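As provided, work.txt (compact mmCIF, C-alpha atoms) reads as follows.
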# COMPACT_ATOMS: atom_id res chain seq x y z
CA MET A 1 51.23 110.55 -0.36
CA GLY A 2 50.36 112.46 2.77
CA ARG A 3 46.94 113.58 3.82
CA ALA A 4 45.75 117.14 3.27
CA ALA A 5 46.16 119.50 6.20
CA GLU A 6 43.22 121.35 7.60
CA VAL A 7 45.03 124.66 7.25
CA GLY A 8 46.37 125.39 3.77
CA CYS A 9 48.81 128.01 2.50
CA PRO A 10 49.22 129.36 -1.04
CA VAL A 11 51.74 127.62 -3.25
CA VAL A 12 55.02 129.53 -3.51
CA GLN A 13 55.86 130.74 -7.00
CA ILE A 14 59.09 129.53 -8.57
CA ASN A 15 61.91 132.07 -8.32
CA ASP A 16 65.25 131.49 -10.09
CA LEU A 17 67.91 134.07 -9.20
CA SER A 18 70.82 132.29 -10.93
CA ARG A 19 70.15 134.14 -14.21
CA SER A 20 68.05 136.97 -15.59
CA LEU A 21 64.78 135.96 -17.23
CA ALA A 22 64.26 139.33 -18.93
CA ALA A 23 65.61 139.93 -22.43
CA PHE A 24 68.78 142.04 -22.39
CA ASP A 25 69.14 144.81 -24.98
CA PRO A 26 72.61 146.39 -24.59
CA ILE A 27 71.67 149.30 -26.89
CA SER A 28 68.93 150.64 -24.58
CA THR A 29 70.12 149.40 -21.17
CA LEU A 30 72.30 151.39 -18.79
CA VAL A 31 74.27 148.94 -16.63
CA VAL A 32 75.73 150.12 -13.31
CA VAL A 33 77.65 148.30 -10.57
CA VAL A 34 78.65 149.72 -7.20
CA GLU A 35 81.65 148.51 -5.20
CA MET A 36 80.64 149.54 -1.70
CA SER A 37 82.84 150.12 1.31
CA LYS A 38 82.50 151.98 4.58
CA ALA A 39 84.39 155.06 3.38
CA SER A 40 83.36 155.34 -0.28
CA TRP A 41 81.43 153.86 -3.21
CA LEU A 42 83.14 153.16 -6.52
CA VAL A 43 80.56 153.27 -9.30
CA SER A 44 81.20 151.73 -12.72
CA GLY A 45 78.90 151.89 -15.72
CA VAL A 46 78.36 150.68 -19.26
CA VAL A 47 76.68 153.57 -21.09
CA PRO A 48 75.18 152.84 -24.53
CA GLY A 49 76.71 155.03 -27.22
CA VAL A 50 79.71 155.93 -25.03
CA GLU A 51 82.93 154.11 -25.84
CA ARG A 52 84.61 154.63 -22.50
CA GLN A 53 83.49 152.75 -19.38
CA PRO A 54 83.02 155.50 -16.78
CA LEU A 55 84.25 155.02 -13.24
CA LYS A 56 83.41 157.42 -10.41
CA LYS A 57 84.18 157.40 -6.69
CA LEU A 58 81.44 158.82 -4.47
CA GLU A 59 80.78 159.39 -0.82
CA PRO A 60 78.32 156.82 0.60
CA ASP A 61 75.31 158.87 -0.51
CA ALA A 62 72.32 157.40 -2.35
CA THR A 63 71.21 160.79 -3.69
CA ALA A 64 74.63 161.39 -5.25
CA LEU A 65 74.45 157.94 -6.84
CA LEU A 66 71.06 158.76 -8.32
CA ARG A 67 72.40 162.02 -9.78
CA LEU A 68 75.33 160.15 -11.34
CA ILE A 69 72.98 157.61 -12.95
CA GLU A 70 70.84 160.41 -14.36
CA ARG A 71 73.95 162.09 -15.78
CA TRP A 72 75.00 158.89 -17.53
CA ARG A 73 71.46 158.47 -18.88
CA ASN A 74 71.64 161.96 -20.39
CA GLU A 75 75.01 161.13 -21.99
CA ALA A 76 73.46 158.06 -23.65
CA VAL A 77 70.52 160.12 -24.92
CA ARG A 78 72.89 162.72 -26.41
CA ALA A 79 74.72 159.85 -28.14
CA GLY A 80 71.45 158.76 -29.75
CA ARG A 81 70.74 155.85 -27.41
CA PRO A 82 67.47 156.41 -25.48
CA ILE A 83 67.54 154.43 -22.24
CA ARG A 84 64.58 152.17 -21.55
CA ARG A 85 66.10 150.13 -18.72
CA ILE A 86 68.55 150.89 -15.90
CA ALA A 87 70.04 147.80 -14.21
CA LEU A 88 72.18 148.28 -11.11
CA ALA A 89 73.90 145.71 -8.90
CA TYR A 90 76.11 145.66 -5.83
CA GLU A 91 77.59 142.93 -3.71
CA ALA A 92 75.83 141.80 -0.53
CA GLY A 93 77.58 143.10 2.57
CA ARG A 94 77.27 145.23 5.67
CA ASP A 95 74.93 147.75 4.03
CA GLY A 96 72.23 145.14 3.59
CA PHE A 97 69.29 145.81 1.29
CA TRP A 98 68.20 149.36 2.04
CA LEU A 99 69.88 150.81 -1.06
CA ALA A 100 68.22 148.26 -3.35
CA ARG A 101 64.79 149.05 -1.90
CA TRP A 102 65.47 152.79 -2.15
CA LEU A 103 66.47 152.53 -5.82
CA ILE A 104 63.57 150.23 -6.75
CA ALA A 105 61.15 152.77 -5.26
CA ARG A 106 62.63 155.32 -7.70
CA GLY A 107 62.19 153.17 -10.78
CA ILE A 108 65.65 151.59 -11.03
CA GLU A 109 66.07 147.84 -11.42
CA ALA A 110 68.37 146.98 -8.49
CA HIS A 111 69.97 143.61 -7.71
CA VAL A 112 72.16 142.34 -4.87
CA ILE A 113 74.89 139.88 -5.88
CA HIS A 114 75.54 136.89 -3.63
CA SER A 115 79.17 137.31 -2.57
CA ALA A 116 79.98 133.59 -2.52
CA SER A 117 78.62 133.08 -6.05
CA VAL A 118 81.32 135.17 -7.73
CA ALA A 119 84.33 133.16 -8.95
CA VAL A 120 87.67 134.78 -8.09
CA SER A 121 91.25 134.10 -9.14
CA ARG A 122 92.95 131.25 -7.27
CA GLU A 123 96.38 132.83 -7.43
CA ARG A 124 98.21 132.78 -4.13
CA LYS A 125 98.76 136.54 -4.07
CA ARG A 126 96.20 138.09 -6.37
CA ALA A 127 95.84 141.82 -6.71
CA LYS A 128 92.74 143.20 -5.02
CA THR A 129 91.58 146.78 -5.34
CA ASP A 130 88.20 148.49 -5.54
CA ARG A 131 88.82 149.16 -9.24
CA LEU A 132 89.50 145.47 -9.97
CA ASP A 133 86.51 144.39 -7.87
CA ALA A 134 84.24 146.81 -9.75
CA ALA A 135 85.44 145.42 -13.08
CA MET A 136 84.83 141.86 -11.87
CA LEU A 137 81.32 142.73 -10.68
CA MET A 138 80.58 144.32 -14.06
CA ARG A 139 81.71 141.17 -15.93
CA VAL A 140 79.59 138.80 -13.87
CA PHE A 141 76.59 141.16 -13.87
CA LEU A 142 76.63 141.45 -17.66
CA GLY A 143 76.75 137.65 -17.93
CA TRP A 144 73.82 137.40 -15.52
CA LEU A 145 71.82 139.95 -17.54
CA ARG A 146 72.42 137.93 -20.71
CA GLY A 147 70.71 134.99 -19.02
CA GLU A 148 73.82 132.83 -18.76
CA ARG A 149 74.19 130.57 -15.75
CA GLY A 150 77.36 130.31 -13.71
CA HIS A 151 78.40 133.97 -13.65
CA CYS A 152 76.81 134.88 -10.32
CA GLY A 153 73.66 134.49 -8.27
CA MET A 154 71.41 137.17 -6.85
CA VAL A 155 70.03 137.49 -3.35
CA ALA A 156 66.28 137.88 -2.89
CA ILE A 157 65.65 141.41 -1.65
CA PRO A 158 63.41 141.28 1.44
CA THR A 159 60.98 143.97 2.43
CA MET A 160 61.50 146.02 5.55
CA GLU A 161 58.72 144.05 7.23
CA GLU A 162 60.33 140.70 6.35
CA GLU A 163 63.69 141.82 7.74
CA ASP A 164 62.06 143.14 10.91
CA ALA A 165 60.14 139.88 11.42
CA ARG A 166 63.45 138.00 11.75
CA ARG A 167 64.78 140.23 14.51
CA PRO A 168 63.00 138.68 17.56
CA ASN A 169 64.26 135.16 16.86
CA ARG A 170 67.80 136.34 16.14
CA GLU A 171 67.86 138.53 19.23
CA ARG A 172 66.59 135.64 21.34
CA GLU A 173 69.30 133.36 19.95
CA SER A 174 71.94 135.96 20.83
CA LEU A 175 70.56 136.28 24.36
CA VAL A 176 70.47 132.50 24.84
CA ASN A 177 74.13 132.35 23.81
CA GLU A 178 74.91 135.16 26.24
CA ARG A 179 73.12 133.26 29.01
CA SER A 180 75.18 130.14 28.30
CA ARG A 181 78.39 132.17 28.19
CA ILE A 182 77.74 133.71 31.62
CA VAL A 183 76.83 130.36 33.21
CA ASN A 184 79.84 128.56 31.70
CA ARG A 185 82.24 131.27 32.88
CA MET A 186 80.90 131.04 36.43
CA LYS A 187 81.14 127.25 36.44
CA SER A 188 84.74 127.44 35.21
CA ALA A 189 85.64 129.87 38.00
CA LEU A 190 84.10 127.52 40.57
CA ALA A 191 85.90 124.50 39.10
CA ARG A 192 89.24 126.26 39.67
CA LEU A 193 88.34 126.37 43.36
CA GLY A 194 87.33 122.70 43.46
CA ILE A 195 83.58 123.37 43.61
CA ARG A 196 81.33 121.26 41.42
CA GLY A 197 77.60 120.75 41.25
CA PHE A 198 76.64 124.37 41.93
CA LYS A 199 74.04 125.65 39.45
CA PRO A 200 74.48 129.42 39.03
CA HIS A 201 71.50 129.72 36.69
CA LEU A 202 68.98 128.93 39.46
CA ARG A 203 67.04 131.88 40.81
CA LYS A 204 68.09 131.19 44.41
CA ALA A 205 71.78 130.87 43.48
CA PRO A 206 72.75 134.36 44.82
CA GLU A 207 71.47 133.39 48.27
CA ARG A 208 73.62 130.26 48.31
CA LEU A 209 76.91 131.91 47.41
CA ALA A 210 77.83 132.60 51.03
CA GLY A 211 77.43 128.93 51.95
CA LEU A 212 79.81 127.59 49.30
CA ARG A 213 83.10 126.06 50.47
CA THR A 214 86.20 125.47 48.41
CA ALA A 215 88.11 122.17 48.38
CA GLU A 216 90.38 123.68 51.04
CA GLY A 217 87.43 124.24 53.36
CA THR A 218 87.31 128.04 53.09
CA GLY A 219 84.61 130.33 51.77
CA LEU A 220 84.71 132.02 48.40
CA PRO A 221 87.19 134.91 48.06
CA ALA A 222 85.67 138.38 48.24
CA ASN A 223 86.46 139.35 44.65
CA ILE A 224 84.93 136.10 43.32
CA ILE A 225 81.73 136.76 45.28
CA GLU A 226 81.46 140.31 43.91
CA GLU A 227 82.11 139.08 40.36
CA PHE A 228 79.46 136.37 40.71
CA ARG A 229 76.88 138.84 41.99
CA ARG A 230 77.46 141.05 38.94
CA ASP A 231 77.26 138.01 36.64
CA MET A 232 74.04 136.87 38.28
CA ALA A 233 72.54 140.33 37.89
CA ARG A 234 73.37 140.19 34.16
CA LEU A 235 71.94 136.68 34.02
CA ALA A 236 68.67 137.84 35.57
CA LEU A 237 68.46 140.69 33.04
CA VAL A 238 69.09 138.30 30.13
CA ARG A 239 66.40 135.93 31.41
CA GLU A 240 63.94 138.81 31.68
CA GLN A 241 64.68 139.95 28.12
CA ILE A 242 64.26 136.41 26.74
CA SER A 243 60.93 136.10 28.53
CA SER A 244 59.82 139.49 27.17
CA ILE A 245 60.65 138.48 23.59
CA GLU A 246 58.74 135.20 23.90
CA LYS A 247 55.71 136.87 25.48
CA THR A 248 55.58 139.64 22.87
CA ARG A 249 55.90 137.15 20.03
CA ALA A 250 53.07 134.98 21.37
CA GLU A 251 50.80 138.03 21.73
CA ARG A 252 51.53 139.23 18.19
CA LEU A 253 50.91 135.77 16.77
CA GLU A 254 47.50 135.63 18.46
CA ARG A 255 46.51 138.99 16.95
CA ALA A 256 48.01 138.32 13.51
CA PRO A 257 45.76 137.34 10.59
CA ASP A 258 45.63 133.69 9.56
CA THR A 259 47.45 134.30 6.27
CA GLY A 260 51.01 134.25 4.90
CA PRO A 261 53.89 133.56 7.31
CA HIS A 262 51.60 133.70 10.34
CA ALA A 263 49.55 130.80 8.98
CA MET A 264 52.77 128.88 8.33
CA VAL A 265 53.95 129.39 11.91
CA ARG A 266 50.62 128.25 13.33
CA LEU A 267 50.58 125.18 11.09
CA LEU A 268 54.16 124.19 11.97
CA ALA A 269 53.50 124.69 15.68
CA ARG A 270 50.73 122.09 15.42
CA VAL A 271 53.33 119.39 14.65
CA ILE A 272 54.08 117.60 17.91
CA GLY A 273 57.72 118.24 18.77
CA ILE A 274 57.89 121.70 17.18
CA GLY A 275 57.38 124.74 19.37
CA ILE A 276 56.67 128.36 18.52
CA GLU A 277 60.38 129.32 18.60
CA THR A 278 61.44 126.64 16.11
CA ALA A 279 58.40 127.23 13.90
CA ASP A 280 58.98 130.98 13.80
CA MET A 281 62.69 130.53 13.01
CA LEU A 282 62.05 128.09 10.16
CA VAL A 283 59.30 130.20 8.59
CA ARG A 284 61.09 133.55 8.84
CA GLU A 285 64.50 132.25 7.77
CA ILE A 286 63.69 129.77 5.01
CA LEU A 287 60.16 128.42 4.54
CA SER A 288 58.60 131.75 3.56
CA ARG A 289 61.24 132.34 0.85
CA ASN A 290 60.37 131.82 -2.81
CA LEU A 291 62.83 128.99 -3.39
CA ARG A 292 62.85 127.17 -6.71
CA ASP A 293 62.60 123.52 -5.60
CA ARG A 294 63.62 121.09 -2.86
CA ARG A 295 67.24 121.12 -4.01
CA ALA A 296 67.44 124.88 -3.67
CA LEU A 297 65.77 124.53 -0.27
CA ALA A 298 68.39 122.08 1.02
CA ARG A 299 71.21 124.09 -0.54
CA TYR A 300 70.07 127.27 1.21
CA ALA A 301 70.15 125.42 4.54
CA GLY A 302 73.64 124.06 3.81
CA LEU A 303 72.42 120.46 4.05
CA THR A 304 73.99 119.33 0.77
CA GLY A 305 77.20 117.38 0.29
CA SER A 306 80.53 118.62 -1.03
CA PRO A 307 81.99 115.90 -3.30
CA ASP A 308 85.68 115.93 -4.21
CA GLU A 309 86.19 113.98 -7.44
CA SER A 310 89.13 114.17 -9.81
CA GLY A 311 90.41 111.27 -11.89
CA LEU A 312 90.55 108.19 -9.67
CA LYS A 313 89.95 110.21 -6.51
CA SER A 314 86.39 110.23 -5.26
CA ARG A 315 85.49 111.24 -1.73
CA GLU A 316 82.92 113.23 0.21
CA LYS A 317 84.11 116.20 2.28
CA GLY A 318 80.95 116.39 4.36
CA LEU A 319 78.35 119.15 4.57
CA ALA A 320 78.85 122.13 2.33
CA LYS A 321 77.82 124.49 5.17
CA ALA A 322 77.40 127.23 2.58
CA GLY A 323 73.87 128.24 3.53
CA ASN A 324 72.11 129.67 6.55
CA ALA A 325 73.95 128.37 9.63
CA ARG A 326 71.07 129.35 11.91
CA VAL A 327 68.66 127.14 9.95
CA ARG A 328 71.15 124.27 9.78
CA ARG A 329 71.75 124.22 13.55
CA GLY A 330 68.04 124.39 14.27
CA LEU A 331 67.23 121.55 11.86
CA ILE A 332 69.86 119.23 13.32
CA GLN A 333 68.43 119.82 16.81
CA LEU A 334 64.89 119.41 15.49
CA ALA A 335 65.78 116.11 13.80
CA TRP A 336 66.89 114.59 17.13
CA ARG A 337 63.75 115.94 18.81
CA PHE A 338 61.60 114.63 15.96
CA LEU A 339 62.80 111.07 16.67
CA MET A 340 61.53 111.42 20.25
CA PHE A 341 58.09 112.89 19.55
CA GLN A 342 57.22 111.34 16.17
CA LYS A 343 58.40 107.73 16.62
CA ASP A 344 55.69 106.28 14.37
CA SER A 345 56.26 108.64 11.45
CA ALA A 346 57.64 107.39 8.15
CA LEU A 347 60.71 109.58 8.52
CA ALA A 348 61.56 108.18 11.96
CA GLN A 349 61.13 104.64 10.69
CA TRP A 350 63.34 105.43 7.68
CA TYR A 351 66.06 106.61 10.07
CA ARG A 352 65.84 103.60 12.36
CA THR A 353 65.99 101.04 9.54
CA ARG A 354 69.28 102.55 8.37
CA THR A 355 70.97 102.95 11.75
CA GLU A 356 69.91 99.85 13.72
CA GLY A 357 71.96 96.68 13.78
CA PRO A 358 75.70 96.02 13.49
CA SER A 359 75.77 97.05 9.83
CA GLY A 360 73.81 100.26 10.34
CA ALA A 361 75.18 103.65 9.34
CA ARG A 362 76.48 106.15 11.88
CA LYS A 363 73.66 107.98 13.62
CA THR A 364 75.43 111.35 13.44
CA THR A 365 75.74 110.96 9.67
CA MET A 366 72.17 109.84 9.10
CA ILE A 367 70.72 112.56 11.33
CA VAL A 368 71.86 115.10 8.71
CA ALA A 369 70.03 113.15 6.01
CA LEU A 370 66.97 113.05 8.26
CA ALA A 371 67.20 116.82 8.82
CA ARG A 372 67.24 117.37 5.06
CA LYS A 373 64.23 115.13 4.50
CA LEU A 374 62.43 116.77 7.41
CA LEU A 375 63.04 120.24 5.98
CA ILE A 376 61.58 119.22 2.62
CA ALA A 377 58.59 117.59 4.31
CA LEU A 378 57.88 120.72 6.39
CA TRP A 379 58.27 122.90 3.29
CA ARG A 380 55.63 120.82 1.51
CA LEU A 381 53.43 121.01 4.59
CA VAL A 382 53.36 124.82 4.71
CA THR A 383 53.20 125.35 0.93
CA THR A 384 50.85 122.62 -0.27
CA GLY A 385 49.25 121.39 2.97
CA GLU A 386 50.63 117.85 2.54
CA VAL A 387 51.17 116.33 5.99
CA PRO A 388 54.11 113.88 6.16
CA ASP A 389 53.09 110.24 6.62
CA GLY A 390 52.61 109.27 10.24
CA VAL A 391 53.22 112.77 11.64
CA GLU A 392 50.85 113.69 14.47
CA LEU A 393 49.37 117.16 14.67
CA ARG A 394 47.93 119.00 17.65
CA PRO A 395 44.28 119.99 17.34
CA ALA A 396 43.71 123.31 15.62
CA ALA A 397 43.16 126.15 18.06
Do you think you could lay out the structure here as structure tokens?
Amino acid sequence: MGRAAEVGCPVVQINDLSRSLAAFDPISTLVVVVEMSKASWLVSGVVPGVERQPLKKLEPDATALLRLIERWRNEAVRAGRPIRRIALAYEAGRDGFWLARWLIARGIEAHVIHSASVAVSRERKRAKTDRLDAAMLMRVFLGWLRGERGHCGMVAIPTMEEEDARRPNRERESLVNERSRIVNRMKSALARLGIRGFKPHLRKAPERLAGLRTAEGTGLPANIIEEFRRDMARLALVREQISSIEKTRAERLERAPDTGPHAMVRLLARVIGIGIETADMLVREILSRNLRDRRALARYAGLTGSPDESGLKSREKGLAKAGNARVRRGLIQLAWRFLMFQKDSALAQWYRTRTEGPSGARKTTMIVALARKLLIALWRLVTTGEVPDGVELRPAA
């Protein structure tokens, strides 16, 4: 057992989105699904007291959808079926969660279906239309409402503030990728001229362009020089934007109250080897979610296996990679860094005992297992205050 941390966070409540926990009464429940696309919305409903299953195509307009739901409610009332519950669902996609939040604010029970959780036909050339998709969504949504597992899974609907809190880290990741892309393109152009060892990301690199010599002993061509100057100007702008994001985030964290996700970020940043960027990414993307247990935690990060067993065949196809790729990449990098900064921890010792020696397992395989264990340990740290054995913390600020 680990020791108690000095900074504690409230225990996360269990949240199971694989089935509905509320009793389903088909006589008094109006069920609606929306097949959304960029050009139109196809709305299907199951109206109590009405034999037909209405289907209506609308323009992408939330107000028109609300009027349609009210019309169907009135039809059920005229048929002698007073409506006590309206349940609506649509598939997660480009429209995000704004519609669900908008409907919930107007008293409608809205859900967002996880796209990958819906089983589809495995025929080679299956028919696919909005009408068929709406019927499929209705089938799985009704099964979910009945409380049966395996039909579909729902996505937790974040608040506007929770979505906005993820933007700085995601923008920074995009800018870091852009920085790498610019530098790699410049290095490739120089390699075609026989020039190696030049570092275009240095701040004094523009001043050294004129002194570069190709393998043939000549200077850089004029067009290459102009292209590099434009690339370096973009590189300087990207660096400035990355620095601005990091500075703004640090200032907001200092002013933020010591509760909720902010407390989690501060606590994670105290672990030696974890910086503010990694701590903020882990908290905003996964640790602040109301996940059911450690298995759901690892599954969301895509750090679970994908077995392939049938008859005498039994093999492992590797990582499922079905979860949050951003979290998975960050955890793999953090696991390698954790071995450097937390050498005396129980997790690092567990890794070394299984990889050292001629009969040890492959390090690249075991680092994934370490990343999974590390994720669970950090989740327990920020939810219960249990510090992993042997992990060193920085002094509290």
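You will find atom CA of Val238 of chain A at 20.4 Å from atom CA of Arg326 of chain A.
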Return as AutoDock Vina command-line options the box centre and box size in Å, one decimal, for an axis-aligned box around all listed atoms of segment 208-216 of chain A padded by 4 Å per side.
--center_x 82.0 --center_y 127.4 --center_z 49.7 --size_x 24.8 --size_y 18.4 --size_z 12.5
Q. What's the 10 Å shell around segment 107-111 of chain A, counting all atoms listed in the file, without same-chain residues fewer than 5 positions away, as a ChimeraX atom specification?
A. /A:17,31-33,66,69,85-92,97,99-102,141,153-157
Q | Pick from A:Asp280, A:Glu35, A:Asp95, A:Glu386, whichever lies nearest to Asn169 of chain A using all atoms listed in the file | A | A:Asp280
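What separates atom CA of Ala165 of chain A from atom CA of Ala371 of chain A is a distance of 24.3 Å.
One distance worth recording is that between atom CA of Glu148 of chain A and atom CA of Ala76 of chain A, which is 25.7 Å.
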Q: Please identify all polymer residues within 9 Å of segment 130-134 of chain A, counting only C-alpha atoms, omitting same-chain residues fewer than 3 positions from it, and present them as an NGL selection string.
A: :A and (33-37 or 41-44 or 55 or 127 or 137-139)
Q) With only C-alpha atoms as the basis for distance, which of A:Ile376, A:Met160, A:Ile83, A:Val183 is at the shortest distance from Arg295 of chain A? A) A:Ile376
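Of the listed residues (A:Ala79, A:Val120, A:Ala269, A:Ala22), A:Ala269 comes nearest to Met281 of chain A; the distances count all atoms listed in the file.
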How close does each residue of segment 257-321 of chain A get to segment 389-394 of chain A, giving the shortest atom pair and distance in Å to one decimal for every residue with an atom at most 12 Å away, counting all atoms listed in the file, sorted by chain and residue number, as a Markdown table?
| residue | atom | partner | partner_atom | distance |
| --- | --- | --- | --- | --- |
| A:Arg266 | CA | A:Arg394 | CA | 10.6 |
| A:Leu267 | CA | A:Leu393 | CA | 8.9 |
| A:Leu268 | CA | A:Leu393 | CA | 8.9 |
| A:Ala269 | CA | A:Arg394 | CA | 8.2 |
| A:Arg270 | CA | A:Arg394 | CA | 4.7 |
| A:Val271 | CA | A:Leu393 | CA | 4.5 |
| A:Ile272 | CA | A:Leu393 | CA | 5.7 |
| A:Gly273 | CA | A:Glu392 | CA | 9.3 |
| A:Ile274 | CA | A:Leu393 | CA | 10.0 |
| A:Gly275 | CA | A:Arg394 | CA | 11.2 |
**Q.** Contact residues around Leu237 of chain A with all atoms listed in the file at 12 Å, ignoring same-chain residues under 2 positions, as a ChimeraX atom specification
**A.** /A:175-176,178-179,182,201,203,230-235,239-244
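With distances restricted to all atoms listed in the file, A:Gly93 is the closest residue to Ile113 of chain A from A:Asn177, A:Arg126, A:Trp98, A:Gly93.
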Q: Using all atoms listed in the file, determine which residues lie at most 9 Å from Glu246 of chain A, disregarding the query and same-chain residues fewer than 6 positions distant; provide the list as a ChimeraX atom specification.
A: /A:168-169,172,276-277
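The residue that comes closest to Gly219 of chain A, out of A:Arg52, A:Pro200, A:Leu193, A:Lys125 and on the basis of only C-alpha atoms, is A:Leu193.
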Please tell me which residues are no farther than 9 Å from (70.0, 134.4, -13.6) in the file, counting only C-alpha atoms, and write them as a PDB file with C-alpha atoms, keeping the file's coordinate frame.
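To be explicit, this is the file written out as point-v4.pdb:
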ATOM      1  CA  ASP A  16      65.250 131.490 -10.090  1.00  0.00           C
ATOM      2  CA  LEU A  17      67.910 134.070  -9.200  1.00  0.00           C
ATOM      3  CA  SER A  18      70.820 132.290 -10.930  1.00  0.00           C
ATOM      4  CA  ARG A  19      70.150 134.140 -14.210  1.00  0.00           C
ATOM      5  CA  SER A  20      68.050 136.970 -15.590  1.00  0.00           C
ATOM      6  CA  LEU A  21      64.780 135.960 -17.230  1.00  0.00           C
ATOM      7  CA  GLY A 143      76.750 137.650 -17.930  1.00  0.00           C
ATOM      8  CA  TRP A 144      73.820 137.400 -15.520  1.00  0.00           C
ATOM      9  CA  LEU A 145      71.820 139.950 -17.540  1.00  0.00           C
ATOM     10  CA  ARG A 146      72.420 137.930 -20.710  1.00  0.00           C
ATOM     11  CA  GLY A 147      70.710 134.990 -19.020  1.00  0.00           C
ATOM     12  CA  GLU A 148      73.820 132.830 -18.760  1.00  0.00           C
ATOM     13  CA  ARG A 149      74.190 130.570 -15.750  1.00  0.00           C
ATOM     14  CA  GLY A 150      77.360 130.310 -13.710  1.00  0.00           C
ATOM     15  CA  HIS A 151      78.400 133.970 -13.650  1.00  0.00           C
ATOM     16  CA  CYS A 152      76.810 134.880 -10.320  1.00  0.00           C
ATOM     17  CA  GLY A 153      73.660 134.490  -8.270  1.00  0.00           C
ATOM     18  CA  MET A 154      71.410 137.170  -6.850  1.00  0.00           C
TER      19      MET A 154
END
